[in-house]
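Note: the block below is data_8.cif and it holds mmCIF, C-alpha atoms.
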```
data_run
loop_
_atom_site.label_atom_id
_atom_site.label_comp_id
_atom_site.auth_asym_id
_atom_site.auth_seq_id
_atom_site.Cartn_x
_atom_site.Cartn_y
_atom_site.Cartn_z
CA MET A 27 16.37 10.09 30.91
CA ILE A 28 12.60 9.72 31.06
CA ASP A 29 11.77 6.29 32.42
CA CYS A 30 8.04 6.23 31.80
CA MET A 31 5.74 6.53 28.84
CA ASP A 32 2.32 7.52 30.22
CA ASP A 33 0.11 4.48 30.86
CA ILE A 34 2.42 2.10 28.99
CA ASP A 35 5.29 2.35 31.47
CA GLN A 36 3.03 2.56 34.52
CA SER A 37 1.70 -0.96 33.93
CA ILE A 38 5.13 -2.63 33.83
CA ASP A 39 5.98 -4.69 36.92
CA SER A 40 9.41 -4.35 38.45
CA ASP A 41 10.27 -8.01 37.84
CA GLN A 42 9.62 -7.55 34.10
CA SER A 43 12.44 -5.04 33.85
CA THR A 44 15.02 -7.81 34.35
CA VAL A 45 14.08 -9.71 31.17
CA SER A 46 17.16 -11.07 29.39
CA ASP A 47 17.87 -10.07 25.81
CA GLN A 48 18.22 -13.73 24.92
CA SER A 49 14.57 -14.47 25.73
CA ILE A 50 12.96 -11.53 23.96
CA GLY A 51 11.22 -11.35 20.57
CA SER A 52 11.52 -13.45 17.45
CA ARG A 53 14.30 -15.69 16.27
CA GLN A 54 15.30 -13.69 13.20
CA SER A 55 18.90 -12.50 13.06
CA ILE A 56 19.90 -9.38 11.18
CA GLY A 57 23.49 -10.53 11.01
CA SER A 58 26.72 -8.77 11.77
CA GLY A 59 25.57 -5.54 10.13
CA GLN A 60 22.68 -3.44 11.36
CA SER A 61 19.71 -2.67 9.14
CA GLY A 62 18.24 0.82 9.13
CA ASP A 63 14.96 -0.83 10.12
CA TYR A 64 16.47 -1.96 13.46
CA LEU A 65 18.47 -0.26 16.24
CA SER A 66 20.80 -1.58 18.91
CA ALA A 67 19.43 -1.78 22.45
CA ARG A 68 21.35 1.33 23.52
CA ASP A 69 20.21 3.35 20.48
CA ALA A 70 16.63 2.12 20.89
CA ALA A 71 16.54 3.17 24.54
CA GLY A 72 17.99 6.54 23.54
CA LEU A 73 15.30 7.03 20.91
CA LEU A 74 12.60 6.37 23.49
CA GLY A 75 14.32 8.26 26.29
CA VAL A 76 14.12 5.27 28.67
CA LYS A 77 16.53 3.02 30.53
CA LEU A 78 17.54 -0.36 29.11
CA PRO A 79 15.42 -2.41 31.58
CA THR A 80 12.34 -0.48 30.45
CA LEU A 81 13.16 -1.22 26.80
CA TYR A 82 13.50 -4.92 27.61
CA ALA A 83 10.13 -4.86 29.33
CA TYR A 84 8.49 -3.31 26.28
CA ALA A 85 9.93 -6.09 24.13
CA SER A 86 8.81 -8.81 26.55
CA ARG A 87 5.24 -7.52 26.32
CA GLY A 88 5.31 -7.47 22.52
CA LEU A 89 5.25 -3.66 22.25
CA VAL A 90 8.58 -3.69 20.38
CA GLN A 91 9.82 -6.42 18.08
CA SER A 92 13.42 -7.50 18.65
CA VAL A 93 15.67 -9.86 16.71
CA PRO A 94 19.10 -11.44 17.37
CA ALA A 95 21.86 -9.06 16.28
CA GLY A 96 24.25 -11.86 15.41
CA ARG A 97 26.71 -11.34 18.27
CA GLY A 98 26.20 -13.38 21.43
CA ARG A 99 23.08 -12.39 23.36
CA SER A 100 22.70 -8.93 21.84
CA ARG A 101 19.49 -7.99 20.04
CA ALA A 102 18.25 -5.25 17.75
CA TYR A 103 14.90 -3.47 18.01
CA ARG A 104 12.47 -2.53 15.25
CA ARG A 105 12.56 1.19 14.52
CA ALA A 106 8.88 1.42 13.42
CA ASP A 107 7.71 -0.01 16.77
CA LEU A 108 9.98 2.34 18.69
CA GLU A 109 8.70 5.40 16.84
CA ARG A 110 5.06 4.44 17.50
CA LEU A 111 5.80 4.10 21.22
CA ARG A 112 7.56 7.45 21.24
CA ALA A 113 4.56 9.07 19.52
CA ARG A 114 2.26 7.73 22.25
CA ARG A 115 4.51 9.22 24.90
CA ASP A 116 4.63 12.54 23.09
CA ALA A 117 0.84 12.59 22.92
CA ARG A 118 0.94 13.71 26.58
CA ALA A 119 3.46 16.45 25.88
CA GLY A 120 1.34 18.92 23.87
CA HIS A 121 -0.09 19.45 20.40
CA GLY A 122 3.24 20.20 18.74
CA ALA A 123 4.78 16.95 19.88
CA VAL A 124 1.67 15.01 18.88
CA ALA A 125 1.76 16.42 15.35
CA ALA A 126 5.48 15.78 14.96
CA GLY A 127 5.14 12.17 16.04
CA ALA A 128 1.94 11.56 14.13
CA LEU A 129 3.60 12.34 10.79
CA ARG A 130 5.95 9.38 11.39
CA TRP A 131 3.68 6.37 11.78
CA GLY A 132 2.25 7.89 14.95
CA GLU A 133 -1.19 8.79 16.28
CA PRO A 134 -4.10 9.65 13.93
CA VAL A 135 -4.04 13.21 12.61
CA LEU A 136 -7.52 13.62 11.09
CA ASP A 137 -10.98 12.08 11.10
CA SER A 138 -12.23 9.88 8.26
CA SER A 139 -15.20 7.62 7.61
CA ILE A 140 -13.71 5.93 4.56
CA SER A 141 -11.75 3.00 5.93
CA ALA A 142 -10.27 1.50 9.07
CA ILE A 143 -7.43 -1.01 9.41
CA SER A 144 -7.69 -4.27 11.30
CA PRO A 145 -4.43 -6.20 11.87
CA GLU A 146 -6.38 -9.43 11.33
CA GLN A 147 -8.75 -8.44 8.50
CA GLY A 148 -6.87 -5.72 6.68
CA PRO A 149 -8.68 -2.59 5.48
CA ILE A 150 -12.39 -2.26 6.24
CA TYR A 151 -14.30 -0.08 3.78
CA ARG A 152 -17.12 1.73 5.56
CA GLY A 153 -17.76 -1.35 7.69
CA HIS A 154 -17.10 -3.95 4.98
CA PRO A 155 -13.79 -5.93 5.23
CA ALA A 156 -11.96 -5.76 1.91
CA ILE A 157 -11.01 -9.43 2.02
CA GLU A 158 -14.68 -10.38 2.35
CA LEU A 159 -15.66 -8.13 -0.54
CA ALA A 160 -12.90 -9.67 -2.66
CA ALA A 161 -13.80 -13.24 -1.68
CA ALA A 162 -17.39 -12.58 -2.77
CA ASN A 163 -16.09 -11.25 -6.12
CA THR A 164 -17.83 -7.95 -5.46
CA PRO A 165 -17.35 -5.79 -8.56
CA PHE A 166 -14.71 -3.12 -8.18
CA GLU A 167 -17.22 -0.55 -9.39
CA SER A 168 -19.50 -1.35 -6.47
CA VAL A 169 -16.61 -0.98 -4.03
CA ALA A 170 -15.70 2.38 -5.55
CA GLU A 171 -19.29 3.56 -5.14
CA LEU A 172 -19.22 2.37 -1.53
CA LEU A 173 -16.10 4.44 -0.85
CA TRP A 174 -17.41 7.48 -2.70
CA SER A 175 -21.13 7.54 -1.93
CA ARG A 176 -21.66 4.96 0.84
CA GLN A 177 -23.73 2.80 -1.51
CA THR A 178 -24.05 -0.80 -0.32
CA PRO A 179 -21.85 -2.97 -2.56
CA ALA A 180 -23.55 -5.48 -4.85
CA ALA A 181 -22.07 -8.98 -4.89
CA GLY A 182 -22.03 -11.06 -8.06
CA GLU A 183 -19.96 -11.99 -11.06
CA ARG A 184 -20.70 -8.76 -12.86
CA LEU A 185 -21.87 -5.32 -11.93
CA ALA A 186 -25.48 -4.87 -12.97
CA LEU A 187 -25.30 -1.46 -14.55
CA ARG A 188 -28.30 0.15 -12.89
CA ASP A 189 -27.57 3.24 -14.92
CA ALA A 190 -24.97 4.47 -17.38
CA ALA A 191 -22.58 5.62 -14.63
CA TRP A 192 -19.85 3.12 -15.54
CA ALA A 193 -20.59 2.90 -19.26
CA PRO A 194 -17.71 3.02 -21.79
CA VAL A 195 -16.14 6.44 -22.34
CA GLU A 196 -14.08 8.20 -24.98
CA PRO A 197 -10.28 8.38 -24.53
CA GLY A 198 -10.35 12.06 -23.54
CA VAL A 199 -7.00 12.75 -25.24
CA PRO A 200 -5.69 12.05 -28.78
CA VAL A 201 -4.34 8.52 -28.42
CA GLU A 202 -2.37 8.66 -31.69
CA LEU A 203 -0.50 11.73 -30.46
CA LEU A 204 0.28 10.13 -27.12
CA GLY A 205 1.47 6.95 -28.77
CA ALA A 206 3.82 8.95 -30.99
CA LEU A 207 5.25 11.02 -28.13
CA LEU A 208 5.72 8.39 -25.41
CA PRO A 209 8.43 5.71 -25.46
CA PRO A 210 6.96 2.29 -26.30
CA GLU A 211 8.40 0.70 -23.14
CA LEU A 212 7.23 3.46 -20.79
CA PRO A 213 6.31 1.92 -17.40
CA PRO A 214 2.56 1.98 -16.67
CA LEU A 215 2.90 4.36 -13.71
CA SER A 216 4.82 6.87 -15.82
CA ALA A 217 2.08 6.73 -18.45
CA LEU A 218 -0.52 7.59 -15.81
CA SER A 219 1.57 10.60 -14.74
CA VAL A 220 1.58 11.89 -18.34
CA VAL A 221 -2.09 11.22 -19.12
CA LEU A 222 -3.54 12.91 -16.00
CA PRO A 223 -2.56 16.53 -16.73
CA LEU A 224 -3.57 16.13 -20.38
CA LEU A 225 -7.03 14.97 -19.33
CA ALA A 226 -7.26 17.94 -16.98
CA CYS A 227 -6.36 20.42 -19.73
CA ARG A 228 -9.19 19.10 -21.89
CA ASP A 229 -11.83 19.37 -19.15
CA PRO A 230 -12.65 23.06 -18.55
CA GLY A 231 -15.44 22.21 -16.09
CA ARG A 232 -13.19 20.32 -13.67
CA PHE A 233 -13.11 22.96 -10.91
CA VAL A 234 -16.47 22.19 -9.27
CA GLU A 235 -16.06 20.34 -5.95
CA ARG A 236 -19.63 19.10 -5.49
CA PRO A 237 -19.96 15.29 -5.59
CA GLU A 238 -22.51 15.38 -8.41
CA ALA A 239 -19.84 17.04 -10.57
CA VAL A 240 -16.84 15.05 -9.31
CA LEU A 241 -18.29 11.51 -9.43
CA PRO A 242 -18.93 11.29 -13.20
CA ARG A 243 -15.39 12.51 -13.79
CA ALA A 244 -14.04 9.98 -11.30
CA ARG A 245 -15.78 7.06 -13.03
CA ALA A 246 -14.50 8.14 -16.43
CA LEU A 247 -11.03 8.77 -14.99
CA VAL A 248 -10.71 5.22 -13.65
CA ARG A 249 -11.61 3.88 -17.09
CA ARG A 250 -9.12 6.15 -18.82
CA LEU A 251 -6.32 5.33 -16.41
CA SER A 252 -6.97 1.65 -17.13
CA ALA A 253 -6.48 2.40 -20.83
CA ALA A 254 -3.23 4.23 -20.07
CA LEU A 255 -1.77 0.91 -18.88
CA SER A 256 -1.76 -0.32 -22.51
CA PRO A 257 1.84 -0.74 -23.77
CA GLY A 258 2.59 1.82 -26.46
CA LEU A 259 -0.97 3.16 -26.20
CA SER A 260 -2.06 1.41 -29.37
CA PRO A 261 -5.28 3.13 -30.55
CA ARG A 262 -6.94 -0.20 -31.30
CA ARG A 263 -6.17 -1.62 -27.87
CA VAL A 264 -7.18 1.59 -26.09
CA GLU A 265 -10.50 1.54 -27.93
CA ALA A 266 -11.11 -2.05 -26.82
CA VAL A 267 -10.10 -1.26 -23.24
CA LEU A 268 -12.52 1.66 -22.98
CA ALA A 269 -15.35 -0.43 -24.43
CA ALA A 270 -14.86 -3.34 -22.00
CA SER A 271 -17.72 -4.42 -19.75
CA SER A 272 -15.96 -3.66 -16.44
CA VAL A 273 -12.89 -1.98 -15.00
CA ALA A 274 -11.34 -5.38 -14.33
CA SER A 275 -11.89 -6.35 -17.97
CA SER A 276 -10.36 -3.03 -19.03
CA VAL A 277 -7.24 -3.65 -16.94
CA ALA A 278 -6.95 -7.24 -18.17
CA LEU A 279 -7.15 -6.12 -21.82
CA ALA A 280 -4.76 -3.23 -21.29
CA LEU A 281 -2.10 -5.42 -19.71
CA GLY A 282 -2.54 -8.28 -22.18
CA SER A 283 -3.89 -10.99 -19.89
CA ARG A 284 -4.64 -14.24 -21.69
CA ALA A 285 -6.30 -15.90 -18.69
CA GLY A 286 -9.85 -15.19 -19.87
CA GLU A 287 -12.65 -14.81 -17.36
CA GLU A 288 -10.53 -16.35 -14.61
CA GLY A 289 -7.97 -13.60 -15.12
CA VAL A 290 -10.63 -10.89 -15.12
CA GLY A 291 -12.03 -12.22 -11.85
CA ALA A 292 -8.56 -12.33 -10.29
CA ILE A 293 -7.82 -8.75 -11.34
CA ASN A 294 -11.19 -7.64 -9.97
CA ARG A 295 -10.31 -9.15 -6.59
CA ALA A 296 -6.94 -7.42 -6.64
CA LEU A 297 -8.54 -4.06 -7.47
CA VAL A 298 -10.95 -4.50 -4.56
CA LEU A 299 -8.17 -5.37 -2.12
CA VAL A 300 -6.06 -2.32 -3.01
CA ALA A 301 -8.92 0.21 -3.29
CA ASP A 302 -8.05 2.05 -0.06
CA HIS A 303 -5.75 1.80 2.93
CA GLU A 304 -6.67 4.57 5.33
CA LEU A 305 -4.34 7.60 5.46
CA ASN A 306 -1.38 6.25 3.50
CA ALA A 307 1.12 8.65 1.93
CA SER A 308 -0.63 8.97 -1.45
CA ALA A 309 -4.08 9.39 0.13
CA PHE A 310 -2.66 12.11 2.35
CA ALA A 311 -1.18 13.84 -0.70
CA ALA A 312 -4.59 13.73 -2.39
CA ARG A 313 -6.17 15.26 0.71
CA VAL A 314 -3.60 18.04 0.92
CA ALA A 315 -4.29 18.92 -2.72
CA ALA A 316 -8.06 18.74 -2.19
CA SER A 317 -7.81 20.98 0.87
CA THR A 318 -6.46 23.76 -1.35
CA GLY A 319 -9.42 23.45 -3.71
CA ALA A 320 -7.41 21.72 -6.43
CA ASP A 321 -9.46 19.85 -9.05
CA LEU A 322 -9.89 16.06 -9.13
CA TYR A 323 -7.12 15.52 -11.70
CA ALA A 324 -4.67 17.52 -9.61
CA CYS A 325 -5.60 15.55 -6.48
CA VAL A 326 -5.13 12.21 -8.22
CA GLY A 327 -1.95 13.52 -9.85
CA ALA A 328 -0.52 14.44 -6.45
CA ALA A 329 -1.40 10.96 -5.25
CA VAL A 330 0.20 9.26 -8.27
CA GLY A 331 3.40 11.27 -7.83
CA THR A 332 3.59 10.22 -4.19
CA PHE A 333 2.62 6.66 -5.01
CA SER A 334 5.52 6.35 -7.47
CA GLY A 335 8.12 6.47 -4.68
CA PRO A 336 10.00 3.23 -3.89
CA ARG A 337 8.73 3.30 -0.30
CA HIS A 338 5.10 3.24 -1.45
CA GLY A 339 3.65 1.91 -4.72
CA GLY A 340 7.11 1.53 -6.21
CA ALA A 341 7.79 -1.23 -3.70
CA ALA A 342 6.17 -3.68 -6.14
CA ASP A 343 8.94 -2.95 -8.63
CA ARG A 344 11.52 -3.91 -5.99
CA VAL A 345 9.66 -7.16 -5.36
CA GLU A 346 9.74 -7.88 -9.10
CA ALA A 347 13.50 -7.28 -9.07
CA LEU A 348 13.94 -9.62 -6.10
CA VAL A 349 11.97 -12.42 -7.81
CA ALA A 350 14.07 -11.95 -10.96
CA GLU A 351 17.27 -12.06 -8.88
CA ILE A 352 16.33 -15.32 -7.18
CA ALA A 353 15.55 -16.95 -10.56
CA GLU A 354 14.52 -20.33 -9.10
CA PRO A 355 12.54 -21.47 -6.01
CA ALA A 356 15.44 -23.52 -4.62
CA ALA A 357 17.50 -20.35 -4.19
CA ALA A 358 14.90 -18.50 -2.09
CA GLU A 359 16.05 -19.72 1.31
CA ARG A 360 19.70 -18.98 0.55
CA VAL A 361 18.84 -15.43 -0.55
CA VAL A 362 16.83 -14.86 2.63
CA GLN A 363 19.68 -16.11 4.79
CA GLU A 364 22.28 -14.02 2.94
CA ARG A 365 20.21 -10.87 3.30
CA ALA A 366 19.74 -11.56 6.99
CA ARG A 367 23.50 -11.97 7.39
CA ARG A 368 24.08 -8.59 5.73
CA GLY A 369 21.36 -6.89 7.74
CA GLU A 370 19.22 -6.28 4.66
CA ARG A 371 15.46 -6.60 4.52
CA VAL A 372 13.67 -8.96 2.15
CA GLU A 373 11.30 -6.98 -0.06
CA GLY A 374 7.65 -7.96 0.01
CA PHE A 375 7.47 -9.11 3.64
CA GLY A 376 6.53 -7.36 6.87
CA HIS A 377 4.16 -4.41 7.23
CA PRO A 378 4.06 -2.15 10.31
CA LEU A 379 0.26 -2.42 10.53
CA TYR A 380 0.16 -6.22 10.19
CA PRO A 381 2.47 -7.93 12.70
CA ASP A 382 1.16 -11.37 11.71
CA GLY A 383 1.11 -10.69 7.97
CA ASP A 384 -1.06 -8.68 5.59
CA PRO A 385 -4.22 -10.70 4.85
CA ARG A 386 -4.43 -9.08 1.41
CA GLY A 387 -0.98 -10.35 0.47
CA ALA A 388 -1.82 -13.85 1.66
CA MET A 389 -5.07 -13.87 -0.35
CA LEU A 390 -3.36 -12.68 -3.54
CA LEU A 391 -0.51 -15.17 -3.21
CA ALA A 392 -3.00 -18.02 -2.71
CA LEU A 393 -4.96 -16.82 -5.74
CA ALA A 394 -1.79 -16.78 -7.85
CA ARG A 395 -0.99 -20.35 -6.79
CA GLU A 396 -4.52 -21.44 -7.70
CA ILE A 397 -4.30 -19.89 -11.18
CA ALA A 398 -0.76 -20.93 -12.14
CA PRO A 399 0.81 -23.36 -9.64
CA GLU A 400 3.65 -24.18 -12.07
CA SER A 401 4.61 -20.57 -12.79
CA GLU A 402 8.24 -20.05 -11.82
CA PRO A 403 7.72 -16.55 -10.34
CA VAL A 404 4.71 -17.82 -8.37
CA ARG A 405 6.75 -20.74 -7.03
CA ILE A 406 9.52 -18.30 -6.08
CA GLY A 407 7.00 -16.16 -4.18
CA LEU A 408 5.73 -19.21 -2.32
CA ALA A 409 9.30 -20.35 -1.56
CA LEU A 410 10.10 -16.90 -0.20
CA ALA A 411 7.00 -17.01 1.99
CA SER A 412 8.09 -20.39 3.33
CA ALA A 413 11.65 -19.21 3.98
CA MET A 414 10.40 -16.07 5.73
CA ALA A 415 7.79 -17.87 7.85
CA GLY A 416 10.18 -18.38 10.77
CA GLN A 417 11.86 -15.00 10.55
CA GLY A 418 9.41 -13.05 12.73
CA THR A 419 8.90 -10.23 10.21
CA GLY A 420 5.33 -10.96 9.14
CA GLY A 421 3.93 -12.64 6.06
CA PRO A 422 3.84 -11.49 2.44
CA THR A 423 2.76 -7.92 1.79
CA MET A 424 0.28 -6.87 -0.83
CA ASP A 425 3.20 -6.00 -3.13
CA MET A 426 4.40 -9.61 -3.09
CA GLY A 427 0.85 -10.82 -3.71
CA LEU A 428 0.36 -8.45 -6.64
CA VAL A 429 3.65 -9.45 -8.26
CA ALA A 430 2.79 -13.15 -7.90
CA LEU A 431 -0.69 -12.60 -9.35
CA ALA A 432 0.64 -10.58 -12.29
CA SER A 433 3.11 -13.37 -12.99
CA ALA A 434 0.38 -16.01 -12.76
CA LEU A 435 -1.61 -14.08 -15.37
CA GLY A 436 1.41 -13.79 -17.67
CA LEU A 437 1.60 -10.01 -17.43
CA GLY A 438 4.76 -8.01 -18.08
CA ARG A 439 7.03 -6.00 -15.79
CA GLY A 440 5.27 -3.09 -14.13
CA ALA A 441 1.84 -4.71 -14.33
CA ALA A 442 1.61 -5.19 -10.55
CA VAL A 443 2.08 -1.50 -9.77
CA GLY A 444 -0.31 -0.63 -12.63
CA ILE A 445 -3.08 -2.74 -11.11
CA PHE A 446 -2.29 -1.22 -7.72
CA ALA A 447 -2.57 2.36 -9.04
CA VAL A 448 -5.87 1.88 -10.88
CA GLY A 449 -7.43 0.17 -7.87
CA ARG A 450 -6.11 2.73 -5.39
CA CYS A 451 -7.59 5.53 -7.53
CA ALA A 452 -10.91 4.68 -5.86
CA GLY A 453 -9.42 5.56 -2.48
CA TRP A 454 -7.74 8.71 -3.74
CA VAL A 455 -11.05 10.00 -5.08
CA ALA A 456 -12.79 9.10 -1.81
CA HIS A 457 -10.25 11.05 0.23
CA ALA A 458 -10.47 14.05 -2.10
CA LEU A 459 -14.26 14.06 -1.80
CA GLU A 460 -14.11 13.79 1.99
CA GLN A 461 -11.59 16.62 2.18
CA TYR A 462 -13.70 18.82 -0.10
CA GLU A 463 -16.59 18.26 2.29
CA ALA A 464 -14.42 18.97 5.36
CA GLY A 465 -13.59 22.37 3.91
CA TYR A 466 -10.38 23.17 5.80
CA LEU A 467 -6.82 23.67 4.58
CA VAL A 468 -4.34 20.96 5.58
CA ARG A 469 -1.37 23.05 6.65
CA PRO A 470 0.87 21.60 9.41
CA ARG A 471 3.46 23.83 11.10
CA ALA A 472 7.18 23.16 11.28
CA ARG A 473 9.24 23.26 14.45
CA TYR A 474 12.14 25.58 13.63
CA LEU A 475 15.46 24.15 14.84
CA GLY A 476 17.66 27.12 13.99
CA PRO A 477 20.31 27.59 11.29
CA ASP A 478 22.55 24.68 10.37
#
```

Before we go any further, please render this structure as C-alpha cells.
Amino acid sequence: MIDCMDDIDQSIDSDQSTVSDQSIGSRQSIGSGQSGDYLSARDAAGLLGVKLPTLYAYASRGLVQSVPAGRGRSRAYRRADLERLRARRDARAGHGAVAAGALRWGEPVLDSSISAISPEQGPIYRGHPAIELAAANTPFESVAELLWSRQTPAAGERLALRDAAWAPVEPGVPVELLGALLPPELPPLSALSVVLPLLACRDPGRFVERPEAVLPRARALVRRLSAALSPGLSPRRVEAVLAASSVASSVALALGSRAGEEGVGAINRALVLVADHELNASAFAARVAASTGADLYACVGAAVGTFSGPRHGGAADRVEALVAEIAEPAAAERVVQERARRGERVEGFGHPLYPDGDPRGAMLLALAREIAPESEPVRIGLALASAMAGQGTGGPTMDMGLVALASALGLGRGAAVGIFAVGRCAGWVAHALEQYEAGYLVRPRARYLGPD
C-alpha cells in the first residue's frame, strides 16, 4: 500500500504514527451501526491506500475527523475528509486522476471570479463577505448586480432604483392558464420547474449570449420566479408580487408572510446569504449548459433540476421533516442521541466546507430567534443546535437556518427551499455569464473500466 500522500505524509513525525484511537477526534459516537458518512479505520486506510498508523496521524493533525464507533476504543472516520485527502494525493498522479478526484469534493476544476469560500466567513462575493452584506441589509438586487456585473453593492434599507432595471414586470406567461393546470398544493420548486420552459418558449430573442442581452432577462426572470412561489398562482397575488418594490417584498408577498417590513428585511438577508456558493452542483450544471451555448432559461432550468435533489436544495425539505418529527423542543436531545445510536446523521448540521459550522446558518437561526422566539419550530431548531453542539459535526447549516426563518415568518411547507432557489438564481446567472465569456465546452472524459 502507498504510505505517503505527497507533502501531507512527508511532514508527519514518526512518533505521531503511534497515536491511539481513543485520543483522536471528537466525542461524537455513531453507535453500533456505521453511517455511510463514516468508515471504519481499516476501510478508511484502504480508501486512502495508507497504513493504519498513517491514518491515525492524519486524524491527530485534524486532517480527518473521527468519532467513537460505539465499541470499545474503535473509531470511525469521515468519508468526505478521506476523499479530499485522496484527491490531493492523486493530484500528483496525472491529469486523469486529478479530474476524477476533483469531481468528488476534490481539487478545483475551473477558474472563477464570482465567489470564494472561507470556513470562517462563508461565501465571499467578489471580495465582499456575504454575512457582512446581509448584516448591512444590502439589497438583494445590489448583490445580484455585484455577482453579474461587478457593480459595488449599495447598502441601505431599500435599493435606490438608479434606473428601471429592477422595475416591475409582466408575468410573461398566462397566469390563469397556469393556475388551472397546476395542482393547488404544488411545491414551490416544482412550480419553478414548470414556469421556466414556458417563459423560454415565449421569448424568441433568448439566444443571444452577450451580457447586455442576458442581464435584462435575468432581472425579469428573478421577479417572475418570485411570483411562481405563490400558492395556486392566484392572478391577483401574482400581480401584486410582480408590482412589489423589491425582490424580497415579492418573495414575502408570494409566500404569504405577515411579518411586515421586519419579514421583508429578514427575507432580503436570506436571499443575500444564499445568492452564490462557488461551484456547487447546481452552479456547475448551469455552467455545463452555458458552455453548450444554451439560453439563459435552459441554464437556470438545468440548475433548478439539479437543485431539486435531496442532497442539494432538497435538503431543506428533509430539515422540515425532521423538525415536524421532533414536535417539541424537549425531544430534540433524545432524537439526536437515538440517531447517533443508529448511525444516522441529523439533517441540517455539518457541512464539509465549514468544520466549525456554517456562518450563514448561524446568522439565519439567530435572526429567526429574534423575530419569533416563542415559535415552536424555531425553539426546536435552537434545541437541536444545543444538542448537536458537543457532537463534533459542525453547527447548523444554511438549510436549518432557512427552515427556522421560514417558520418564524409563519410561512408554509416548502417556503425555505423556495427562498433558497430565488436567491441562488443570482449565482446561477453569474456562472452562466462567466461561462459564456469563457467560451469553451465543459466536457470531462470518463475512465472506461471495461464491461460489467

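Distances from A:Val290, A:Ala278, A:Val240, A:Ala113 to Pro134 in chain A were compared using all atoms listed in the file, and the smallest one belongs to A:Ala113.
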
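Comparing A:Ser216, A:Ser401, A:Val372, A:Pro385 by their smallest distance to Phe333 in chain A, the closest is A:Ser216 (using only C-alpha atoms).
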
Worksheet item: What gap, in Å, lies between CA of Glu287 in chain A and CA of Val273 in chain A?
Response: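 Rounded to one decimal, the two atoms are 13.0 Å apart.
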
Fill in: Proximity to Val264 in chain A - best of A:Arg243, A:Leu204, A:Pro149, A:Ala434, only C-alpha atoms
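Ranked by minimum distance to Val264 in chain A, first place goes to A:Leu204.
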
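Considering only C-alpha atoms, the residue among A:Arg249, A:Arg368, A:Arg104, A:Arg313 positioned nearest to Asp137 in chain A is A:Arg313.
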
I would like the residues chosen by the PyMOL selection byres ((chain A and resi 441-457) around 6) on the shown file; could you give them as an mmCIF file with C-alpha atoms, in the coordinates of the input?
```
data_model
loop_
_atom_site.group_PDB
_atom_site.id
_atom_site.type_symbol
_atom_site.label_atom_id
_atom_site.label_comp_id
_atom_site.auth_asym_id
_atom_site.auth_seq_id
_atom_site.Cartn_x
_atom_site.Cartn_y
_atom_site.Cartn_z
ATOM 1 C CA ALA A 170 -15.700 2.380 -5.550
ATOM 2 C CA LEU A 173 -16.100 4.440 -0.850
ATOM 3 C CA TRP A 174 -17.410 7.480 -2.700
ATOM 4 C CA PRO A 214 2.560 1.980 -16.670
ATOM 5 C CA LEU A 297 -8.540 -4.060 -7.470
ATOM 6 C CA VAL A 300 -6.060 -2.320 -3.010
ATOM 7 C CA ALA A 301 -8.920 0.210 -3.290
ATOM 8 C CA ASP A 302 -8.050 2.050 -0.060
ATOM 9 C CA ALA A 309 -4.080 9.390 0.130
ATOM 10 C CA ARG A 313 -6.170 15.260 0.710
ATOM 11 C CA ALA A 342 6.170 -3.680 -6.140
ATOM 12 C CA LEU A 428 0.360 -8.450 -6.640
ATOM 13 C CA VAL A 429 3.650 -9.450 -8.260
ATOM 14 C CA ALA A 432 0.640 -10.580 -12.290
ATOM 15 C CA GLY A 438 4.760 -8.010 -18.080
ATOM 16 C CA ARG A 439 7.030 -6.000 -15.790
ATOM 17 C CA GLY A 440 5.270 -3.090 -14.130
ATOM 18 C CA ALA A 458 -10.470 14.050 -2.100
ATOM 19 C CA LEU A 459 -14.260 14.060 -1.800
ATOM 20 C CA GLU A 460 -14.110 13.790 1.990
#
```

Worksheet item: Quick one, how far is CA of Glu304 in chain A from CA of Gly331 in chain A?
Response: 17.9 Å

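Comparing A:Val221, A:Ala472, A:Leu431, A:Ala67 by their smallest distance to Gly327 in chain A, the closest is A:Val221 (using only C-alpha atoms).
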
Item to complete: Starting from the displayed file, determine the output of the PyMOL selection byres ((chain A and resi 262) around 12) and express the residue list as an MDAnalysis selection string.
Response: chainID A and resid 197 201:202 205 253 256:261 263:269 279:280

Discussion item. I'd like to know which of A:Arg232, A:Arg87, A:Arg105, A:Arg152 is closest to Ala320 in chain A, using all atoms listed in the file.
Written reply: A:Arg232
